[in-house]
$ cat upload.cif   # mmCIF, C-alpha atoms
data_target
#
loop_
_atom_site.label_atom_id
_atom_site.label_comp_id
_atom_site.auth_asym_id
_atom_site.auth_seq_id
_atom_site.Cartn_x
_atom_site.Cartn_y
_atom_site.Cartn_z
CA MET A 579 47.80 -2.36 28.20
CA GLU A 580 51.61 -2.14 28.31
CA VAL A 581 52.77 1.47 28.30
CA ALA A 582 56.29 2.49 27.33
CA ALA A 583 58.37 4.21 30.00
CA VAL A 584 58.51 7.97 30.07
CA GLY A 585 61.76 9.30 31.56
CA SER A 586 60.35 12.40 33.25
CA VAL A 587 58.58 10.35 35.87
CA ASN A 588 61.92 9.52 37.44
CA GLY A 589 62.13 12.97 38.99
CA MET A 590 64.39 14.74 36.54
CA ASP A 591 62.35 17.45 34.84
CA ASP A 592 65.11 20.02 35.32
CA THR A 593 68.74 19.67 36.30
CA GLN A 594 71.72 21.76 37.34
CA ASP A 595 74.48 19.13 36.95
CA GLY A 596 77.94 20.43 36.05
CA VAL A 597 80.99 19.07 34.30
CA THR A 598 84.01 18.35 36.46
CA PRO A 599 86.83 20.51 35.13
CA ARG A 600 90.31 19.22 34.58
CA GLU A 601 92.25 20.03 37.75
CA ASP A 602 95.77 18.91 36.85
CA ALA A 603 96.51 21.38 34.05
CA ASP A 604 96.94 25.08 33.50
CA ARG A 605 93.71 26.96 32.92
CA THR A 606 92.98 27.62 29.24
CA THR A 607 91.57 30.97 28.18
CA PHE A 608 88.58 31.21 25.88
CA GLU A 609 90.64 33.29 23.48
CA ALA A 610 93.28 30.58 23.05
CA ALA A 611 90.74 27.76 22.71
CA ILE A 612 88.66 29.67 20.17
CA GLN A 613 91.73 30.54 18.14
CA GLN A 614 92.87 26.90 18.07
CA PHE A 615 89.42 25.76 16.96
CA ALA A 616 89.22 28.40 14.23
CA GLN A 617 92.66 27.45 12.92
CA SER A 618 91.73 23.77 12.80
CA LYS A 619 88.55 24.51 10.88
CA GLY A 620 90.28 26.96 8.57
CA LYS A 621 91.87 23.98 6.84
CA VAL A 622 88.48 22.90 5.51
CA GLY A 623 87.96 23.84 1.86
CA ASP A 624 85.21 26.44 2.37
CA SER A 625 87.26 29.61 1.87
CA GLY A 626 87.49 29.92 5.65
CA ARG A 627 83.85 30.90 6.10
CA TYR A 628 83.07 28.22 8.69
CA ALA A 629 86.12 29.20 10.75
CA THR A 630 85.30 32.91 10.55
CA ASP A 631 81.65 32.42 11.47
CA SER A 632 82.58 30.07 14.29
CA LYS A 633 85.10 32.51 15.73
CA ARG A 634 82.55 35.34 15.72
CA LEU A 635 79.86 33.22 17.38
CA LEU A 636 82.22 31.73 19.99
CA GLU A 637 83.46 35.19 20.93
CA ARG A 638 79.86 36.13 21.72
CA PHE A 639 79.59 32.95 23.80
CA GLU A 640 82.79 34.01 25.58
CA GLU A 641 81.12 37.31 26.50
CA PHE A 642 78.07 35.42 27.76
CA ALA A 643 80.28 33.20 29.94
CA ALA A 644 82.35 36.12 31.26
CA ASP A 645 79.19 37.91 32.37
CA ARG A 646 78.54 34.85 34.54
CA GLY A 647 82.03 34.67 36.00
CA VAL A 648 83.35 31.87 33.75
CA GLU A 649 86.70 32.89 32.28
CA ASP A 650 88.48 29.63 31.43
CA VAL A 651 87.28 26.67 29.42
CA GLU A 652 87.86 24.12 32.19
CA SER A 653 85.12 25.86 34.18
CA ILE A 654 82.48 25.45 31.48
CA SER A 655 79.62 23.44 33.00
CA THR A 656 76.22 22.06 32.20
CA HIS A 657 74.78 24.89 34.29
CA LEU A 658 76.42 27.46 31.99
CA LEU A 659 75.11 25.67 28.90
CA GLU A 660 71.61 25.56 30.36
CA GLY A 661 71.82 29.31 30.81
CA TYR A 662 73.02 29.75 27.23
CA ALA A 663 70.14 27.64 25.89
CA GLN A 664 67.71 29.74 27.94
CA HIS A 665 69.36 32.90 26.56
CA LEU A 666 68.76 31.66 23.01
CA ASP A 667 65.17 30.79 23.92
CA ARG A 668 64.58 34.34 25.16
CA ARG A 669 65.85 35.75 21.87
CA VAL A 670 63.44 33.48 19.99
CA GLN A 671 60.54 34.49 22.23
CA THR A 672 61.38 38.13 21.47
CA ARG A 673 60.84 37.43 17.78
CA GLU A 674 57.64 35.54 18.54
CA GLN A 675 56.29 38.53 20.46
CA GLN A 676 57.69 41.42 18.40
CA GLY A 677 58.21 39.88 14.97
CA LYS A 678 61.07 40.42 12.57
CA PRO A 679 63.69 41.90 12.72
CA HIS A 680 63.73 41.37 16.49
CA GLY A 681 65.38 38.33 18.04
CA ILE A 682 66.24 35.16 16.15
CA SER A 683 64.35 32.14 14.84
CA GLY A 684 64.27 28.79 16.59
CA ALA A 685 66.24 27.26 13.73
CA THR A 686 68.96 29.89 14.12
CA ALA A 687 69.09 29.26 17.88
CA HIS A 688 69.72 25.57 17.22
CA GLN A 689 72.45 26.44 14.70
CA TYR A 690 74.20 28.69 17.24
CA PHE A 691 73.98 26.01 19.90
CA ALA A 692 75.27 23.34 17.52
CA ARG A 693 78.33 25.47 16.76
CA VAL A 694 79.13 25.88 20.46
CA ARG A 695 78.57 22.14 20.98
CA ALA A 696 81.05 21.35 18.17
CA TRP A 697 83.64 23.60 19.78
CA LEU A 698 83.17 21.91 23.15
CA GLU A 699 83.56 18.50 21.51
CA TYR A 700 86.86 19.76 20.10
CA LEU A 701 87.93 20.71 23.64
CA VAL A 702 87.02 17.23 24.89
CA LYS A 703 89.19 15.63 22.21
CA ARG A 704 92.06 17.88 23.23
CA GLY A 705 91.66 16.87 26.88
CA LEU A 706 90.56 20.30 28.10
CA LEU A 707 87.13 19.03 29.21
CA SER A 708 86.26 15.62 30.59
CA GLU A 709 82.92 15.57 28.77
CA ASN A 710 80.81 17.80 26.54
CA PRO A 711 78.24 19.63 28.71
CA ALA A 712 76.22 20.64 25.65
CA LYS A 713 75.31 17.01 25.00
CA SER A 714 73.17 16.74 28.15
CA HIS A 715 69.52 16.24 27.21
CA HIS A 716 68.64 18.44 30.18
CA VAL A 717 70.49 21.29 28.46
CA GLU A 718 68.81 20.61 25.14
CA ASP A 719 65.41 20.70 26.89
CA GLU A 720 65.95 24.44 27.42
CA LEU A 721 66.34 25.14 23.70
CA PRO A 722 63.35 26.66 21.89
CA ASP A 723 61.36 24.74 19.30
CA GLU A 724 63.02 25.06 15.92
CA SER A 725 59.79 26.14 14.21
CA LEU A 726 59.37 29.26 16.36
CA GLY A 727 60.07 32.68 14.92
CA THR A 728 59.49 31.59 11.34
CA THR A 729 56.45 31.96 9.12
CA ASP A 730 53.17 30.31 9.99
CA ASP A 731 53.85 27.68 7.33
CA GLY A 732 56.56 26.22 9.56
CA GLN A 733 54.58 26.20 12.78
CA GLN A 734 52.96 23.16 14.30
CA PHE A 735 49.19 22.80 14.64
CA TRP A 736 47.80 19.83 16.53
CA SER A 737 44.97 18.26 14.59
CA PRO A 738 41.75 17.37 16.46
CA ALA A 739 42.72 13.69 16.14
CA THR A 740 46.19 14.34 17.58
CA ARG A 741 44.73 16.21 20.54
CA LYS A 742 42.33 13.40 21.37
CA GLN A 743 44.94 10.69 20.86
CA ILE A 744 47.62 12.18 23.11
CA VAL A 745 45.14 12.85 25.92
CA ARG A 746 43.74 9.34 25.55
CA TRP A 747 47.30 8.01 25.69
CA THR A 748 47.85 9.70 29.04
CA ASP A 749 44.60 8.10 30.27
CA TRP A 750 46.06 4.70 29.44
CA TYR A 751 49.32 5.72 31.10
CA PHE A 752 47.40 6.69 34.25
CA ASP A 753 45.36 3.46 34.21
CA ALA A 754 48.59 1.46 33.99
CA ALA A 755 49.90 3.26 37.08
CA LEU A 756 46.70 2.46 38.97
CA ASP A 757 46.99 -1.20 38.03
CA ASP A 758 50.65 -1.16 39.07
CA GLU A 759 51.61 -2.58 35.70
CA GLN A 760 54.59 -0.24 35.58
CA GLY A 761 56.41 0.21 38.88
CA TRP A 762 58.41 3.20 37.60
CA VAL A 763 55.46 5.62 37.84
CA THR A 764 53.07 6.34 40.71
CA PRO A 765 49.41 7.23 40.14
CA ALA A 766 50.10 10.74 41.48
CA ASP A 767 52.91 11.33 38.99
CA ALA A 768 50.88 9.86 36.14
CA ALA A 769 47.93 12.10 37.07
CA ARG A 770 50.26 15.11 37.16
CA GLU A 771 51.53 14.48 33.63
CA ARG A 772 48.07 13.61 32.32
CA ALA A 773 46.71 16.89 33.71
CA LEU A 774 49.61 18.83 32.22
CA ILE A 775 49.02 17.55 28.71
CA ALA A 776 45.22 17.85 28.94
CA THR A 777 45.51 21.44 30.18
CA VAL A 778 47.90 22.34 27.39
CA ALA A 779 45.58 20.68 24.87
CA TYR A 780 42.28 22.14 26.06
CA SER A 781 43.02 25.62 27.40
CA GLY A 782 44.71 27.49 24.56
CA ALA A 783 47.18 28.84 27.14
CA ARG A 784 50.77 29.54 26.21
CA GLY A 785 53.57 27.55 27.84
CA ALA A 786 54.93 30.73 29.45
CA GLU A 787 51.52 31.30 31.04
CA LEU A 788 51.44 27.86 32.67
CA PHE A 789 55.05 27.06 33.58
CA ARG A 790 57.98 28.81 35.21
CA ASP A 791 60.28 31.01 33.18
CA LEU A 792 63.65 30.77 34.92
CA ASP A 793 64.53 34.34 33.87
CA ASN A 794 61.23 36.12 34.49
CA ASP A 795 60.12 36.50 38.10
CA ARG A 796 56.57 37.36 37.05
CA ARG A 797 56.18 34.06 35.22
CA ASN A 798 56.68 31.70 38.15
CA GLY A 799 54.20 29.00 37.13
CA LEU A 800 50.44 28.65 37.46
CA ARG A 801 49.29 28.45 41.10
CA TRP A 802 46.20 26.76 42.49
CA ARG A 803 44.84 30.17 43.49
CA ASP A 804 44.76 30.92 39.75
CA VAL A 805 42.55 27.90 38.99
CA ASP A 806 38.75 27.87 39.20
CA LEU A 807 37.78 24.26 38.61
CA ASP A 808 34.07 24.97 39.02
CA ALA A 809 34.05 27.74 36.42
CA GLY A 810 36.66 26.04 34.22
CA THR A 811 38.99 29.05 33.99
CA LEU A 812 42.66 29.85 34.56
CA SER A 813 43.96 33.29 35.57
CA VAL A 814 47.21 33.74 33.65
CA LEU A 815 49.71 36.50 32.96
CA GLY A 816 48.96 37.06 29.31
CA LYS A 817 51.06 38.37 26.46
CA SER A 818 49.61 41.79 27.33
CA GLN A 819 51.42 41.56 30.71
CA GLU A 820 47.99 41.76 32.33
CA ILE A 821 46.07 39.02 34.13
CA GLU A 822 43.69 37.32 31.69
CA GLU A 823 41.08 34.57 32.02
CA ALA A 824 41.83 31.51 29.89
CA PRO A 825 39.10 28.91 29.42
CA LEU A 826 39.77 25.34 30.50
CA LEU A 827 37.52 22.96 28.59
CA ASP A 828 36.01 19.92 30.28
CA ALA A 829 38.58 17.41 29.06
CA GLY A 830 41.28 19.47 30.77
CA ARG A 831 39.21 20.47 33.80
CA THR A 832 38.34 16.94 34.92
CA ARG A 833 41.93 15.69 34.64
CA LEU A 834 43.26 18.77 36.43
CA ALA A 835 40.76 18.21 39.25
CA ASP A 836 42.03 14.65 39.68
CA HIS A 837 45.60 15.92 39.82
CA TYR A 838 44.61 18.43 42.52
CA ARG A 839 43.17 15.67 44.73
CA ARG A 840 46.27 13.52 44.37
CA GLN A 841 48.80 16.31 44.78
CA ASN A 842 47.19 17.52 48.02
CA PRO A 843 48.85 20.96 47.91
CA GLY A 844 49.81 22.63 51.16
CA ASP A 845 47.89 25.79 50.23
CA GLU A 846 46.67 27.77 47.24
CA ASP A 847 50.13 29.28 46.67
CA TRP A 848 51.48 25.90 45.59
CA PRO A 849 52.32 25.52 41.89
CA VAL A 850 49.89 23.42 39.92
CA TRP A 851 52.94 21.57 38.59
CA VAL A 852 55.76 21.27 41.11
CA THR A 853 59.23 20.59 39.73
CA ARG A 854 60.64 17.08 40.13
CA HIS A 855 64.22 18.36 40.14
CA PRO A 856 65.54 16.98 43.49
CA PRO A 857 68.31 19.55 44.16
CA SER A 858 65.86 22.44 43.68
CA LEU A 859 63.32 20.81 45.98
CA TYR A 860 65.89 20.02 48.67
CA ALA A 861 67.44 23.50 48.56
CA GLY A 862 64.03 25.11 49.00
CA ALA A 863 63.09 22.81 51.86
CA ARG A 864 66.34 23.33 53.79
CA ILE A 865 65.73 27.08 54.16
CA LEU A 866 62.30 26.60 55.76
CA ASP A 867 62.05 27.39 59.45
CA GLY A 868 62.47 24.32 61.62
CA VAL A 869 63.85 22.01 58.94
CA ASP A 870 66.88 19.99 59.95
CA GLU A 871 69.68 19.99 57.39
CA ASP A 872 69.89 16.20 57.74
CA ASP A 873 66.15 15.51 57.73
CA ASP A 874 65.79 12.02 56.25
CA ARG A 875 62.60 13.11 54.51
CA LEU A 876 64.63 15.16 52.04
CA ALA A 877 64.14 12.38 49.52
CA PRO A 878 62.11 12.25 46.27
CA ASP A 879 59.12 10.47 47.79
CA THR A 880 58.80 12.56 50.94
CA VAL A 881 60.27 16.03 50.34
CA LEU A 882 56.85 17.56 49.58
CA ASP A 883 55.69 16.43 53.05
CA VAL A 884 58.37 18.72 54.48
CA TYR A 885 56.92 21.68 52.56
CA ARG A 886 53.41 20.84 53.77
CA GLU A 887 54.48 20.49 57.40
CA HIS A 888 56.49 23.72 57.48
CA GLY A 889 54.22 25.88 55.33
CA GLY A 890 56.63 26.21 52.45
CA THR A 891 56.01 26.61 48.74
CA PRO A 892 58.00 24.30 46.43
CA PRO A 893 59.38 25.58 43.12
CA ALA A 894 57.31 25.17 39.97
CA LEU A 895 58.07 23.11 36.89
CA SER A 896 59.94 25.09 34.23
CA ILE A 897 58.94 25.54 30.61
CA GLY A 898 61.85 23.30 29.64
CA GLY A 899 60.62 20.59 31.99
CA ALA A 900 57.11 20.79 30.53
CA ARG A 901 58.51 20.51 27.00
CA ARG A 902 60.42 17.42 28.04
CA ILE A 903 57.36 15.74 29.53
CA LEU A 904 55.32 16.38 26.37
CA ARG A 905 58.11 15.23 24.08
CA GLU A 906 58.67 12.02 26.02
CA HIS A 907 54.98 11.12 25.92
CA SER A 908 54.92 11.92 22.21
CA GLU A 909 57.90 9.65 21.59
CA ALA A 910 56.68 6.86 23.88
CA SER A 911 53.22 6.82 22.31
CA GLY A 912 54.34 7.39 18.71
CA ILE A 913 51.78 10.23 18.46
CA THR A 914 53.32 13.02 16.39
CA GLU A 915 52.25 15.85 14.12
CA ASP A 916 53.56 15.53 10.56
CA GLY A 917 56.27 13.21 11.88
CA ASP A 918 57.57 15.68 14.46
CA HIS A 919 57.23 15.28 18.22
CA LEU A 920 54.44 17.28 19.84
CA LYS A 921 55.28 20.81 21.00
CA LEU A 922 53.62 23.13 23.47
CA HIS A 923 52.80 25.87 21.00
CA GLY A 924 51.25 23.37 18.60
CA ALA A 925 48.47 22.66 21.09
CA ARG A 926 47.36 26.31 21.29
CA ARG A 927 47.49 26.79 17.54
CA GLY A 928 45.65 23.55 16.90
CA LEU A 929 42.82 24.41 19.28
CA GLY A 930 42.50 27.88 17.79
CA ASP A 931 42.50 26.43 14.29
CA GLU A 932 39.64 24.04 15.08
CA LEU A 933 37.58 26.76 16.75
CA TYR A 934 38.23 29.13 13.84
CA THR A 935 36.69 26.70 11.35
CA HIS A 936 33.39 26.97 13.26
CA ASP A 937 33.41 30.46 14.76
CA ALA A 938 36.18 33.04 14.34
CA GLU A 939 34.99 35.07 17.32
CA ALA A 940 35.04 31.97 19.55
CA ALA A 941 38.65 31.40 18.50
CA GLN A 942 39.47 35.03 19.29
CA GLU A 943 37.96 34.81 22.76
CA ALA A 944 39.53 31.43 23.59
CA LEU A 945 43.00 32.56 22.51
CA ARG A 946 42.53 36.03 24.05
CA HIS A 947 43.51 37.93 20.93
CA GLN A 948 42.93 41.65 21.36
CA SER A 949 41.25 41.95 17.97
CA ILE A 950 39.52 39.68 15.51
CA GLU A 951 42.04 40.83 12.90
CA THR A 952 44.80 39.06 14.85
CA THR A 953 42.78 35.85 14.75
CA HIS A 954 42.10 36.20 11.04
CA LYS A 955 45.79 36.81 10.40
CA SER A 956 46.71 33.66 12.31
CA TYR A 957 44.24 31.31 10.63
CA ARG A 958 42.94 32.82 7.38
CA ASP A 959 45.61 31.12 5.25
CA ARG A 960 44.70 27.73 6.66
CA ASP A 961 41.03 28.55 6.21
CA GLY A 962 41.77 29.15 2.54
CA GLU A 963 43.29 25.69 2.29
CA ARG A 964 40.15 24.17 3.78
CA VAL A 965 37.91 26.10 1.38
CA ARG A 966 39.97 24.83 -1.55
CA GLU A 967 39.78 21.23 -0.33
CA ARG A 968 36.03 21.46 0.17
CA ALA A 969 35.51 23.05 -3.26
CA GLN A 970 37.62 20.35 -4.84
CA GLU A 971 35.52 17.67 -3.15
CA ILE A 972 32.38 19.27 -4.53
CA LEU A 973 33.77 19.41 -8.06
CA ASN A 974 35.03 15.83 -7.83
CA GLY A 975 31.52 14.78 -6.96
CA GLU A 976 29.97 16.29 -10.07
#
$ encode --input "upload.cif" --output "structure tokens"
Amino acid sequence: MEVAAVGSVNGMDDTQDGVTPREDADRTTFEAAIQQFAQSKGKVGDSGRYATDSKRLLERFEEFAADRGVEDVESISTHLLEGYAQHLDRRVQTREQQGKPHGISGATAHQYFARVRAWLEYLVKRGLLSENPAKSHHVEDELPDESLGTTDDGQQFWSPATRKQIVRWTDWYFDAALDDEQGWVTPADAARERALIATVAYSGARGAELFRDLDNDRRNGLRWRDVDLDAGTLSVLGKSQEIEEAPLLDAGRTRLADHYRRQNPGDEDWPVWVTRHPPSLYAGARILDGVDEDDDRLAPDTVLDVYREHGGTPPALSIGGARRILREHSEASGITEDGDHLKLHGARRGLGDELYTHDAEAAQEALRHQSIETTHKSYRDRDGERVRERAQEILNGE
């Protein structure tokens, strides 16, 4: 079977690339650039609302940049925009965890980011930036899902068919790598991505429990010491901020076991999913004792051998990197949910939804809700929809 290429296998899950600032001109202050943008947009026939809102939002972005030592527009980089996207994601996660009126919704985060991106495009056209750093797909990977922080009606639930199809797709993807039908992916990389998606699909774990949060030292990615393949469990830092046991069903357990054999981790402290971001890997390897700065093994195919030889622990894949992998497989396979690409949170909700239809308490235990009331609150509305559909089928059969 011919399998479409998935970009994440080329070693670019995360990135820290920057934009080269203009060096042959005076530095431009944020204040001046924001004022020029607001004046240009004030000519639009909307009573000046767009210009006023933009100015207010960009001034907050200016404060964000100043806190990170960026004080002129020529110094705005992809790295700064990645940090801003992560900042917006944290605000969305606050709403997810604490509810309204805390934080912002995912849709609002995307609106804020779009406004900053439009301003940067304006700066490019005026020659103040060589390119728009907000247009990097690596930056956009750090943005939260738009459906987060809204009502349950706007949240994604993977259907049982979707779950089976996307995992089966990754089986085909892995088989293609074994057969060497696609030279752009190795069996080890294909097994890594297959295990990632199967674990997301069949554990009910949150993305923040499995992958590295760049701004939370406690959430540094699942480690092999946290995995019990025999028992089929994962020890994760739960929403409660306590270590919790998440079940890993057989479909996830077998694929994760295959990934373990192929990864050959140096020890149990290794992340289950190591980042494929070369600069991060090289920087970590260079600080290990005994590693030569010019070691020719500091290359994508051999850098992990350096960590194994010198007893180092490579950095883990970030949440943004995991989102990108899932999205690229969704797009390559054409497997979506209601026409939208698959999202990490949709897997957990979909598994809980299916379990809830059979046994509410099983759903509570699998999702590690502290009370059955939380589970009922999450799924009762959908259960009502199913009851209606079933009742309608009965009446139609009269």
$ atom_distance --input "upload.cif" --atom1 "atom CA of A:Ala643" --atom2 "atom CA of A:Gln675"
26.3 Å
$ resolve_selection --input "upload.cif" --expression "the PyMOL selection byres ((chain A and resi 697) around 9)" --output "list of chain:residue names"
A:Ala611, A:Ile612, A:Phe615, A:Ser632, A:Leu636, A:Ala692, A:Arg693, A:Val694, A:Arg695, A:Ala696, A:Leu698, A:Glu699, A:Tyr700, A:Leu701, A:Val702
$ resolve_selection --input "upload.cif" --expression "the PyMOL selection byres ((chain A and resi 905) around 12)" --output "PDB file with C-alpha atoms, keeping the file's coordinate frame"
ATOM      1  CA  VAL A 584      58.510   7.970  30.070  1.00  0.00           C
ATOM      2  CA  GLY A 585      61.760   9.300  31.560  1.00  0.00           C
ATOM      3  CA  SER A 586      60.350  12.400  33.250  1.00  0.00           C
ATOM      4  CA  ASP A 591      62.350  17.450  34.840  1.00  0.00           C
ATOM      5  CA  HIS A 715      69.520  16.240  27.210  1.00  0.00           C
ATOM      6  CA  ASP A 719      65.410  20.700  26.890  1.00  0.00           C
ATOM      7  CA  ASP A 723      61.360  24.740  19.300  1.00  0.00           C
ATOM      8  CA  ILE A 744      47.620  12.180  23.110  1.00  0.00           C
ATOM      9  CA  GLU A 771      51.530  14.480  33.630  1.00  0.00           C
ATOM     10  CA  ILE A 775      49.020  17.550  28.710  1.00  0.00           C
ATOM     11  CA  GLY A 898      61.850  23.300  29.640  1.00  0.00           C
ATOM     12  CA  GLY A 899      60.620  20.590  31.990  1.00  0.00           C
ATOM     13  CA  ALA A 900      57.110  20.790  30.530  1.00  0.00           C
ATOM     14  CA  ARG A 901      58.510  20.510  27.000  1.00  0.00           C
ATOM     15  CA  ARG A 902      60.420  17.420  28.040  1.00  0.00           C
ATOM     16  CA  ILE A 903      57.360  15.740  29.530  1.00  0.00           C
ATOM     17  CA  LEU A 904      55.320  16.380  26.370  1.00  0.00           C
ATOM     18  CA  GLU A 906      58.670  12.020  26.020  1.00  0.00           C
ATOM     19  CA  HIS A 907      54.980  11.120  25.920  1.00  0.00           C
ATOM     20  CA  SER A 908      54.920  11.920  22.210  1.00  0.00           C
ATOM     21  CA  GLU A 909      57.900   9.650  21.590  1.00  0.00           C
ATOM     22  CA  ALA A 910      56.680   6.860  23.880  1.00  0.00           C
ATOM     23  CA  SER A 911      53.220   6.820  22.310  1.00  0.00           C
ATOM     24  CA  GLY A 912      54.340   7.390  18.710  1.00  0.00           C
ATOM     25  CA  ILE A 913      51.780  10.230  18.460  1.00  0.00           C
ATOM     26  CA  THR A 914      53.320  13.020  16.390  1.00  0.00           C
ATOM     27  CA  GLU A 915      52.250  15.850  14.120  1.00  0.00           C
ATOM     28  CA  ASP A 918      57.570  15.680  14.460  1.00  0.00           C
ATOM     29  CA  HIS A 919      57.230  15.280  18.220  1.00  0.00           C
ATOM     30  CA  LEU A 920      54.440  17.280  19.840  1.00  0.00           C
ATOM     31  CA  LYS A 921      55.280  20.810  21.000  1.00  0.00           C
ATOM     32  CA  LEU A 922      53.620  23.130  23.470  1.00  0.00           C
ATOM     33  CA  GLY A 924      51.250  23.370  18.600  1.00  0.00           C
TER      34      GLY A 924
END
$ residues_around --input "upload.cif" --residues "stretch 841-851 of chain A" --least-positions-apart "3" --cutoff "8 Å" --atoms "only C-alpha atoms" --output "list in words"
Ala766, Arg770, Leu774, Phe789, Gly799, Leu800, Arg801, Trp802, Arg803, His837, Tyr838, Tyr885, Arg886, Gly889, Gly890, Thr891, Pro892, Pro893, Ala894 and Leu895 of chain A
$ closest_residue --input "upload.cif" --among "A:Glu871, A:Ile950, A:Gly677, A:Trp747" --to "A:Tyr934" --atoms "only C-alpha atoms"
A:Ile950
$ atom_distance --input "upload.cif" --atom1 "atom CA of A:Val778" --atom2 "atom CA of A:Pro679"
29.1 Å
$ closest_residue --input "upload.cif" --among "A:Glu641, A:Asp806, A:Glu787, A:Glu720" --to "A:Glu820" --atoms "all atoms listed in the file"
A:Glu787
$ atom_distance --input "upload.cif" --atom1 "atom CA of A:Gly684" --atom2 "atom CA of A:Leu635"
16.2 Å
$ resolve_selection --input "upload.cif" --expression "the PyMOL selection byres ((chain A and resi 639) around 10)" --output "list in words"
Phe608, Lys633, Arg634, Leu635, Leu636, Glu637, Arg638, Glu640, Glu641, Phe642, Ala643, Ala644, Asp645, Leu659, Tyr662, Tyr690, Phe691 and Val694 of chain A
$ closest_residue --input "upload.cif" --among "A:Gln676, A:Ser949, A:Thr607, A:Gln819" --to "A:Asn794" --atoms "all atoms listed in the file"
A:Gln819
$ residues_around --input "upload.cif" --residues "A:Ala768" --least-positions-apart "6" --cutoff "8 Å" --atoms "only C-alpha atoms" --output "count of residues only"
5
$ closest_residue --input "upload.cif" --among "A:Ala685, A:Arg704, A:Leu788, A:His923" --to "A:Gln614" --atoms "only C-alpha atoms"
A:Arg704
$ closest_residue --input "upload.cif" --among "A:Gly785, A:Ala824, A:Glu660, A:Thr606" --to "A:Asp804" --atoms "all atoms listed in the file"
A:Ala824
$ closest_residue --input "upload.cif" --among "A:His657, A:Arg839, A:His888, A:Arg772" --to "A:Ala863" --atoms "all atoms listed in the file"
A:His888
$ residues_around --input "upload.cif" --residues "A:Thr832" --least-positions-apart "6" --cutoff "10 Å" --atoms "all atoms listed in the file" --output "PDB file with C-alpha atoms, keeping the file's coordinate frame"
ATOM      1  CA  ALA A 773      46.710  16.890  33.710  1.00  0.00           C
ATOM      2  CA  ALA A 776      45.220  17.850  28.940  1.00  0.00           C
ATOM      3  CA  THR A 777      45.510  21.440  30.180  1.00  0.00           C
ATOM      4  CA  LEU A 807      37.780  24.260  38.610  1.00  0.00           C
ATOM      5  CA  ASP A 808      34.070  24.970  39.020  1.00  0.00           C
ATOM      6  CA  GLY A 810      36.660  26.040  34.220  1.00  0.00           C
ATOM      7  CA  LEU A 826      39.770  25.340  30.500  1.00  0.00           C
ATOM      8  CA  TYR A 838      44.610  18.430  42.520  1.00  0.00           C
TER       9      TYR A 838
END
$ residues_around --input "upload.cif" --residues "A:Leu658" --least-positions-apart "2" --cutoff "10 Å" --atoms "only C-alpha atoms" --output "mmCIF file with C-alpha atoms, keeping the file's coordinate frame"
data_model
loop_
_atom_site.group_PDB
_atom_site.id
_atom_site.type_symbol
_atom_site.label_atom_id
_atom_site.label_comp_id
_atom_site.auth_asym_id
_atom_site.auth_seq_id
_atom_site.Cartn_x
_atom_site.Cartn_y
_atom_site.Cartn_z
ATOM 1 C CA GLN A 594 71.720 21.760 37.340
ATOM 2 C CA ASP A 595 74.480 19.130 36.950
ATOM 3 C CA GLY A 596 77.940 20.430 36.050
ATOM 4 C CA VAL A 597 80.990 19.070 34.300
ATOM 5 C CA PHE A 642 78.070 35.420 27.760
ATOM 6 C CA ALA A 643 80.280 33.200 29.940
ATOM 7 C CA ARG A 646 78.540 34.850 34.540
ATOM 8 C CA GLY A 647 82.030 34.670 36.000
ATOM 9 C CA VAL A 648 83.350 31.870 33.750
ATOM 10 C CA SER A 653 85.120 25.860 34.180
ATOM 11 C CA ILE A 654 82.480 25.450 31.480
ATOM 12 C CA SER A 655 79.620 23.440 33.000
ATOM 13 C CA THR A 656 76.220 22.060 32.200
ATOM 14 C CA GLU A 660 71.610 25.560 30.360
ATOM 15 C CA GLY A 661 71.820 29.310 30.810
ATOM 16 C CA TYR A 662 73.020 29.750 27.230
ATOM 17 C CA ALA A 663 70.140 27.640 25.890
ATOM 18 C CA GLN A 664 67.710 29.740 27.940
ATOM 19 C CA PRO A 711 78.240 19.630 28.710
ATOM 20 C CA ALA A 712 76.220 20.640 25.650
ATOM 21 C CA VAL A 717 70.490 21.290 28.460
#
$ residues_around --input "upload.cif" --residues "A:Thr953" --least-positions-apart "4" --cutoff "9 Å" --atoms "only C-alpha atoms" --output "list in words"
Gly930, Tyr934, Ala938, Glu939, Ala941, Gln942, Leu945, His947, Gln948, Ser949, Tyr957 and Arg958 of chain A
